[in-house]
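The next block is data13.txt, given as compact mmCIF, C-alpha atoms.
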```txt
# COMPACT_ATOMS: atom_id res chain seq x y z
CA MET A 1 15.41 69.56 151.97
CA ASN A 2 16.88 72.09 154.37
CA GLU A 3 17.74 75.66 153.46
CA ASP A 4 21.49 75.06 152.95
CA VAL A 5 21.02 72.12 150.57
CA ARG A 6 18.45 74.04 148.56
CA ASN A 7 20.80 77.01 148.20
CA ILE A 8 23.60 74.72 147.02
CA VAL A 9 21.33 73.09 144.41
CA LEU A 10 20.07 76.44 143.17
CA GLY A 11 23.66 77.72 142.95
CA VAL A 12 24.74 74.72 140.91
CA LEU A 13 21.75 75.11 138.60
CA ALA A 14 22.42 78.83 138.14
CA THR A 15 26.06 78.14 137.36
CA GLY A 16 25.08 75.51 134.81
CA VAL A 17 22.57 77.80 133.13
CA SER A 18 25.05 80.69 133.02
CA ALA A 19 27.76 78.46 131.54
CA SER A 20 25.36 77.13 128.91
CA LEU A 21 24.19 80.60 127.94
CA GLY A 22 27.79 81.80 127.74
CA TRP A 23 28.75 78.86 125.52
CA LEU A 24 25.75 79.47 123.25
CA ALA A 25 26.57 83.17 123.00
CA ARG A 26 30.23 82.49 122.15
CA THR A 27 29.23 79.88 119.58
CA TYR A 28 26.74 82.26 117.97
CA LEU A 29 29.31 85.07 117.78
CA TRP A 30 31.96 82.72 116.40
CA ARG A 31 29.59 81.42 113.71
CA ARG A 32 28.47 84.92 112.77
CA ARG A 33 32.09 86.06 112.51
CA LEU A 34 32.91 83.00 110.39
CA ARG A 35 29.96 83.65 108.05
CA ARG A 36 31.07 87.26 107.57
CA LYS A 37 34.62 86.13 106.85
CA GLN A 38 33.40 83.51 104.37
CA ALA A 39 31.18 86.09 102.65
CA PHE A 40 34.01 88.62 102.36
CA PHE A 41 36.40 86.11 100.84
CA GLY A 42 33.72 84.33 98.80
CA LEU A 43 34.63 81.05 100.48
CA PRO A 44 31.66 79.10 101.82
CA GLY A 45 32.52 75.90 103.66
CA SER A 46 34.01 73.09 101.52
CA SER A 47 34.33 75.39 98.50
CA GLU A 48 37.40 75.52 96.26
CA CYS A 49 39.43 78.56 95.32
CA LEU A 50 42.43 79.30 93.12
CA LEU A 51 45.87 80.35 94.29
CA VAL A 52 47.72 81.66 91.24
CA VAL A 53 51.44 81.72 91.86
CA ASN A 54 53.99 83.68 89.87
CA ARG A 55 57.64 82.99 89.19
CA GLU A 56 60.68 84.83 90.44
CA ALA A 57 61.68 87.53 87.98
CA GLY A 58 64.57 86.19 85.93
CA GLY A 59 64.11 82.67 87.27
CA ASP A 60 63.00 79.51 85.52
CA ASN A 61 59.92 78.04 87.25
CA VAL A 62 61.24 79.35 90.57
CA VAL A 63 58.96 80.96 93.17
CA HIS A 64 60.52 83.67 95.31
CA ARG A 65 60.61 82.79 99.00
CA PHE A 66 58.58 85.88 99.94
CA ASP A 67 55.87 84.80 97.48
CA VAL A 68 55.90 81.39 99.16
CA PHE A 69 55.37 83.16 102.48
CA ALA A 70 52.49 85.10 100.90
CA MET A 71 50.92 81.83 99.80
CA LEU A 72 51.21 80.48 103.35
CA GLU A 73 49.45 83.59 104.70
CA LEU A 74 46.61 83.08 102.23
CA SER A 75 46.43 79.33 102.88
CA ALA A 76 45.78 80.02 106.57
CA LEU A 77 42.89 82.36 105.68
CA ILE A 78 41.43 79.80 103.30
CA LYS A 79 41.68 77.02 105.89
CA ASP A 80 39.97 79.21 108.51
CA CYS A 81 37.01 79.56 106.12
CA GLY A 82 36.75 75.78 105.73
CA ALA A 83 37.65 75.96 102.03
CA GLN A 84 40.30 74.30 99.90
CA ALA A 85 42.90 75.85 97.62
CA ARG A 86 44.00 74.71 94.20
CA ILE A 87 47.43 76.06 93.31
CA LEU A 88 48.10 76.97 89.69
CA ALA A 89 51.11 78.44 87.97
CA HIS A 90 50.43 81.82 86.39
CA ASP A 91 51.03 80.54 82.85
CA VAL A 92 48.64 77.57 83.06
CA ALA A 93 45.68 79.30 84.71
CA HIS A 94 43.69 79.49 81.50
CA GLN A 95 40.20 80.09 82.83
CA GLY A 96 37.80 82.91 83.52
CA PHE A 97 36.90 84.52 86.83
CA GLY A 98 33.82 84.74 88.99
CA ASP A 99 33.04 81.04 89.39
CA ARG A 100 35.62 80.58 92.15
CA THR A 101 37.44 82.95 94.43
CA GLU A 102 40.93 83.67 93.12
CA PHE A 103 44.04 84.94 94.88
CA CYS A 104 46.60 86.17 92.35
CA VAL A 105 50.09 87.03 93.62
CA GLY A 106 52.88 88.89 91.83
CA GLY A 107 53.46 91.83 89.53
CA PRO A 108 52.80 91.70 85.79
CA TYR A 109 56.51 91.19 85.04
CA SER A 110 56.43 87.76 86.70
CA ASN A 111 52.75 86.81 86.48
CA ARG A 112 51.00 86.69 83.11
CA ARG A 113 47.60 86.34 84.72
CA MET A 114 48.20 89.45 86.79
CA ALA A 115 49.08 91.31 83.59
CA ALA A 116 45.77 90.15 82.10
CA HIS A 117 43.84 91.17 85.23
CA LEU A 118 45.36 94.65 85.22
CA SER A 119 44.47 95.13 81.58
CA THR A 120 40.92 93.79 81.95
CA LEU A 121 39.86 94.65 85.50
CA LEU A 122 42.08 97.60 86.44
CA PRO A 123 42.55 99.68 83.29
CA GLY A 124 43.62 102.69 85.33
CA VAL A 125 46.65 100.90 86.81
CA THR A 126 49.93 100.25 85.02
CA MET A 127 53.35 99.07 86.12
CA ASN A 128 56.69 99.60 84.44
CA VAL A 129 57.96 96.10 83.65
CA ASP A 130 61.26 97.06 81.99
CA VAL A 131 63.99 94.61 82.94
CA GLN A 132 66.77 97.18 82.52
CA PRO A 133 67.51 99.11 85.73
CA SER A 134 66.22 102.67 85.59
CA GLY A 135 64.64 105.31 87.75
CA THR A 136 61.18 104.15 86.70
CA GLN A 137 61.68 100.37 86.91
CA GLY A 138 58.72 98.86 88.75
CA GLN A 139 56.94 102.20 88.96
CA ILE A 140 53.20 101.94 89.59
CA THR A 141 50.95 104.47 87.90
CA VAL A 142 47.36 105.01 89.06
CA GLY A 143 45.53 107.48 86.89
CA THR A 144 48.05 110.29 86.50
CA GLU A 145 49.92 109.66 89.77
CA HIS A 146 53.27 107.85 89.72
CA TYR A 147 54.69 105.78 92.58
CA PRO A 148 58.36 104.90 91.99
CA MET A 149 60.22 102.21 93.91
CA ASP A 150 63.00 103.05 96.31
CA LYS A 151 64.24 99.51 96.89
CA GLY A 152 64.37 98.54 100.54
CA VAL A 153 63.21 101.97 101.69
CA SER A 154 59.85 102.86 100.16
CA GLU A 155 57.93 100.39 98.00
CA TYR A 156 54.33 100.08 96.84
CA VAL A 157 51.80 97.33 96.29
CA ILE A 158 48.23 97.20 94.99
CA LEU A 159 45.76 95.23 97.09
CA ALA A 160 42.44 94.73 95.32
CA ARG A 161 39.21 92.83 95.81
CA LEU A 162 37.24 92.76 92.58
CA THR A 163 33.88 91.21 91.83
CA ALA A 164 33.54 90.27 88.19
CA GLY A 165 32.17 87.46 86.11
CA GLU A 166 28.85 85.66 86.27
CA GLY A 167 29.56 83.68 89.44
CA GLY A 168 30.16 86.77 91.55
CA ARG A 169 33.10 85.29 93.46
CA PRO A 170 35.84 87.85 94.13
CA VAL A 171 39.33 88.08 92.66
CA PHE A 172 42.02 89.26 95.09
CA LEU A 173 45.11 90.86 93.57
CA PHE A 174 48.44 91.36 95.32
CA CYS A 175 50.48 93.33 92.79
CA GLY A 176 53.69 94.61 94.29
CA GLN A 177 56.92 96.11 93.10
CA ARG A 178 58.88 93.32 94.78
CA ALA A 179 58.05 89.90 96.22
CA ILE A 180 58.33 91.14 99.80
CA THR A 181 55.62 93.72 99.09
CA ASN A 182 53.31 90.94 97.90
CA GLN A 183 53.73 89.27 101.28
CA ALA A 184 53.15 92.60 103.00
CA ALA A 185 49.82 92.94 101.17
CA THR A 186 48.66 89.43 102.12
CA ARG A 187 49.60 90.11 105.74
CA TYR A 188 47.73 93.42 105.64
CA LEU A 189 44.65 91.63 104.33
CA ALA A 190 44.89 88.97 107.03
CA ARG A 191 45.11 91.61 109.74
CA HIS A 192 42.48 94.03 108.44
CA HIS A 193 39.90 91.90 106.60
CA GLU A 194 37.23 92.59 109.22
CA SER A 195 37.52 96.37 108.93
CA LEU A 196 37.74 96.10 105.15
CA ALA A 197 34.55 94.03 105.13
CA ARG A 198 32.76 96.64 107.23
CA THR A 199 33.94 99.47 105.00
CA HIS A 200 33.42 97.90 101.59
CA ARG A 201 30.93 95.12 102.43
CA SER A 202 30.85 92.78 99.44
CA GLY A 203 31.92 95.36 96.87
CA SER A 204 35.13 95.96 94.98
CA PHE A 205 38.00 98.01 96.32
CA VAL A 206 41.54 98.88 95.24
CA LEU A 207 44.02 100.03 97.86
CA LEU A 208 47.49 101.45 97.35
CA LEU A 209 49.79 100.39 100.19
CA LYS A 210 53.27 101.62 101.04
CA VAL A 211 55.73 99.17 102.56
CA VAL A 212 58.27 101.01 104.68
CA ASN A 213 61.95 100.08 105.10
CA THR A 214 61.76 96.42 104.15
CA GLN A 215 65.51 96.06 104.68
CA ALA A 216 64.95 96.65 108.40
CA TYR A 217 61.31 95.70 109.06
CA GLY A 218 60.57 93.13 106.39
CA PRO A 219 56.89 93.01 105.35
CA ASP A 220 55.52 94.20 108.69
CA VAL A 221 55.34 98.01 108.41
CA VAL A 222 52.60 98.89 105.93
CA GLU A 223 50.83 102.20 105.43
CA LEU A 224 47.59 102.81 103.58
CA VAL A 225 48.35 105.49 101.00
CA ALA A 226 44.90 105.82 99.44
CA ASP A 227 41.76 104.08 98.31
CA VAL A 228 42.22 104.35 94.54
CA THR A 229 39.20 102.30 93.50
CA ARG A 230 37.63 104.92 91.24
CA LEU A 231 40.87 105.75 89.44
CA ALA A 232 41.93 102.13 89.08
CA LEU A 233 38.62 101.04 87.57
CA THR A 234 38.52 103.92 85.10
CA ALA A 235 40.28 103.56 81.77
CA PRO A 236 42.55 106.49 80.92
CA ALA A 237 41.25 108.96 78.40
CA ALA A 238 42.39 108.31 74.87
CA ALA A 239 45.03 110.68 73.55
CA PRO A 240 43.69 113.13 71.00
CA ALA A 241 44.34 112.14 67.42
CA ALA A 242 47.09 114.00 65.61
CA THR A 243 45.87 116.52 63.07
```
Before we go any further, please render this structure as structure tokens.
Amino acid sequence: MNEDVRNIVLGVLATGVSASLGWLARTYLWRRRLRRKQAFFGLPGSSECLLVVNREAGGDNVVHRFDVFAMLELSALIKDCGAQARILAHDVAHQGFGDRTEFCVGGPYSNRRMAAHLSTLLPGVTMNVDVQPSGTQGQITVGTEHYPMDKGVSEYVILARLTAGEGGRPVFLFCGQRAITNQAATRYLARHHESLARTHRSGSFVLLLKVVNTQAYGPDVVELVADVTRLALTAPAAAPAAT
């Protein structure tokens, strides 16, 4: 074997080794990223989760189109984790939490299960569910702070990941003042789940998000107002008894 042939063979071998090492490194990083994503969402491969869907306020078994879009956003996340979703209406989801990951979409005025979750899991959060138009309709209260809705201009949504129950699987809540804010919260989660996982690891968190100018930007412009986990998980102090 002359010098030129040997150099060609060595070059081919080096290229093959480099390509193999690169493929192995990319595969390792992809699998590690997938495992972290599965751990954050509580969705190991081939597992089942719950998608609890609400109804459109004032409608009869009708799902608002923005809530449908929110479900599609979540379905993509679930599929990426190699899991399967079981869709349940809010008024037939009569089961506990912790055994399976749950994604619950909609405010307490249109989702009975969300109302139950707020009462049980987030005692420090309330929402005005009056059907009559008023200055406080849809207002979210966290602790002693109030966040009113300015429809189409400035609207709020609670995004929460809560670990409760014996199984330890998380419950994700998307509790917005309007359907478009629910979609905004699911999109925010899809975009930022990696940073949220690094910040909160496998623990609970409750974020208050502000959706800006939905009449112009739809669900795309979202601002993080505050991490309200401590306030949301703390029951308000009881009013002193009258003397």
- Pick from A:Leu50, A:Leu77, A:Val63, A:Ala14, whichever lies nearest to A:Gln38 using all atoms listed in the file: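 With all atoms listed in the file as the atom set, the closest residue is A:Leu77.
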- Item | stretch 82-89 of chain A environment, 7 Å, all atoms listed in the file, sequence neighbours closer than 3 positions dropped, as a list in words | Leu43, Pro44, Gly45, Ser46, Ser47, Glu48, Cys49, Leu50, Leu51, Val52, Val53, Asn54, Ile78, Lys79, Val92 and Ala93 of chain A
Export of the given selection (C-alpha atoms) as a PDB file, keeping the file's coordinate frame:
```pdb
ATOM      1  CA  LEU A  43      34.630  81.050 100.480  1.00  0.00           C
ATOM      2  CA  PRO A  44      31.660  79.100 101.820  1.00  0.00           C
ATOM      3  CA  GLY A  45      32.520  75.900 103.660  1.00  0.00           C
ATOM      4  CA  SER A  46      34.010  73.090 101.520  1.00  0.00           C
ATOM      5  CA  SER A  47      34.330  75.390  98.500  1.00  0.00           C
ATOM      6  CA  GLU A  48      37.400  75.520  96.260  1.00  0.00           C
ATOM      7  CA  CYS A  49      39.430  78.560  95.320  1.00  0.00           C
ATOM      8  CA  LEU A  50      42.430  79.300  93.120  1.00  0.00           C
ATOM      9  CA  LEU A  51      45.870  80.350  94.290  1.00  0.00           C
ATOM     10  CA  VAL A  52      47.720  81.660  91.240  1.00  0.00           C
ATOM     11  CA  VAL A  53      51.440  81.720  91.860  1.00  0.00           C
ATOM     12  CA  ASN A  54      53.990  83.680  89.870  1.00  0.00           C
ATOM     13  CA  ILE A  78      41.430  79.800 103.300  1.00  0.00           C
ATOM     14  CA  LYS A  79      41.680  77.020 105.890  1.00  0.00           C
ATOM     15  CA  VAL A  92      48.640  77.570  83.060  1.00  0.00           C
ATOM     16  CA  ALA A  93      45.680  79.300  84.710  1.00  0.00           C
TER      17      ALA A  93
END
```
- Message: Please list as JSON, numbers by chain every residue within 9 Å of A:Arg112, counting all atoms listed in the file and excluding residues in the same chain fewer than 5 positions away.
- Response: {"A": [54, 90, 91, 107, 117]}
- Separation of atom CA of A:Val125 from atom CA of A:Gly138 in Å: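 We find that atom CA of A:Gly138 and atom CA of A:Val125 lie 12.4 Å from each other.
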- Task: List every protein, DNA or RNA residue that has an atom no more than 10 Å from (39.5, 94.8, 82.8) in the file's coordinate frame, counting only C-alpha atoms, and report them as a PyMOL selection string.
- Result: chain A and resi 116-124+164+232-235
- Message: Measuring between all atoms listed in the file, which one of A:Glu102, A:Glu223, A:Asp4, A:Glu166 shows the shortest distance to A:Ala185?
- Response: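 Of A:Glu102, A:Glu223, A:Asp4, A:Glu166, the one nearest A:Ala185 is A:Glu223, counting all atoms listed in the file.
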Could you rebuild stretch 213-225 of chain A with N, CA and C atoms and give me the result as a PDB file, in the coordinates of the input?
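Final output, saved to selection34.pdb:
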```
ATOM      1  N   ASN A 213      60.659 100.576 104.611  1.00  0.00           N
ATOM      2  CA  ASN A 213      61.950 100.080 105.100  1.00  0.00           C
ATOM      3  C   ASN A 213      61.980  98.561 105.240  1.00  0.00           C
ATOM      4  N   THR A 214      61.771  97.881 104.129  1.00  0.00           N
ATOM      5  CA  THR A 214      61.760  96.420 104.150  1.00  0.00           C
ATOM      6  C   THR A 214      63.119  95.848 104.554  1.00  0.00           C
ATOM      7  N   GLN A 215      64.196  96.586 104.329  1.00  0.00           N
ATOM      8  CA  GLN A 215      65.510  96.060 104.680  1.00  0.00           C
ATOM      9  C   GLN A 215      65.697  95.974 106.196  1.00  0.00           C
ATOM     10  N   ALA A 216      64.881  96.710 106.937  1.00  0.00           N
ATOM     11  CA  ALA A 216      64.950  96.650 108.400  1.00  0.00           C
ATOM     12  C   ALA A 216      63.743  95.945 109.011  1.00  0.00           C
ATOM     13  N   TYR A 217      62.543  96.185 108.446  1.00  0.00           N
ATOM     14  CA  TYR A 217      61.310  95.700 109.060  1.00  0.00           C
ATOM     15  C   TYR A 217      60.656  94.558 108.288  1.00  0.00           C
ATOM     16  N   GLY A 218      61.208  94.177 107.176  1.00  0.00           N
ATOM     17  CA  GLY A 218      60.570  93.130 106.390  1.00  0.00           C
ATOM     18  C   GLY A 218      59.209  93.570 105.882  1.00  0.00           C
ATOM     19  N   PRO A 219      58.216  92.662 105.872  1.00  0.00           N
ATOM     20  CA  PRO A 219      56.890  93.010 105.350  1.00  0.00           C
ATOM     21  C   PRO A 219      55.919  93.546 106.398  1.00  0.00           C
ATOM     22  N   ASP A 220      56.412  93.919 107.581  1.00  0.00           N
ATOM     23  CA  ASP A 220      55.520  94.200 108.690  1.00  0.00           C
ATOM     24  C   ASP A 220      54.994  95.629 108.763  1.00  0.00           C
ATOM     25  N   VAL A 221      55.751  96.600 108.268  1.00  0.00           N
ATOM     26  CA  VAL A 221      55.340  98.010 108.410  1.00  0.00           C
ATOM     27  C   VAL A 221      54.695  98.467 107.107  1.00  0.00           C
ATOM     28  N   VAL A 222      53.379  98.562 107.126  1.00  0.00           N
ATOM     29  CA  VAL A 222      52.600  98.890 105.930  1.00  0.00           C
ATOM     30  C   VAL A 222      51.699 100.069 106.223  1.00  0.00           C
ATOM     31  N   GLU A 223      51.689 101.024 105.313  1.00  0.00           N
ATOM     32  CA  GLU A 223      50.830 102.200 105.430  1.00  0.00           C
ATOM     33  C   GLU A 223      49.824 102.235 104.289  1.00  0.00           C
ATOM     34  N   LEU A 224      48.600 102.601 104.610  1.00  0.00           N
ATOM     35  CA  LEU A 224      47.590 102.810 103.580  1.00  0.00           C
ATOM     36  C   LEU A 224      47.786 104.181 102.969  1.00  0.00           C
ATOM     37  N   VAL A 225      48.143 104.216 101.689  1.00  0.00           N
ATOM     38  CA  VAL A 225      48.350 105.490 101.000  1.00  0.00           C
ATOM     39  C   VAL A 225      47.011 106.090 100.596  1.00  0.00           C
TER      40      VAL A 225
END
```
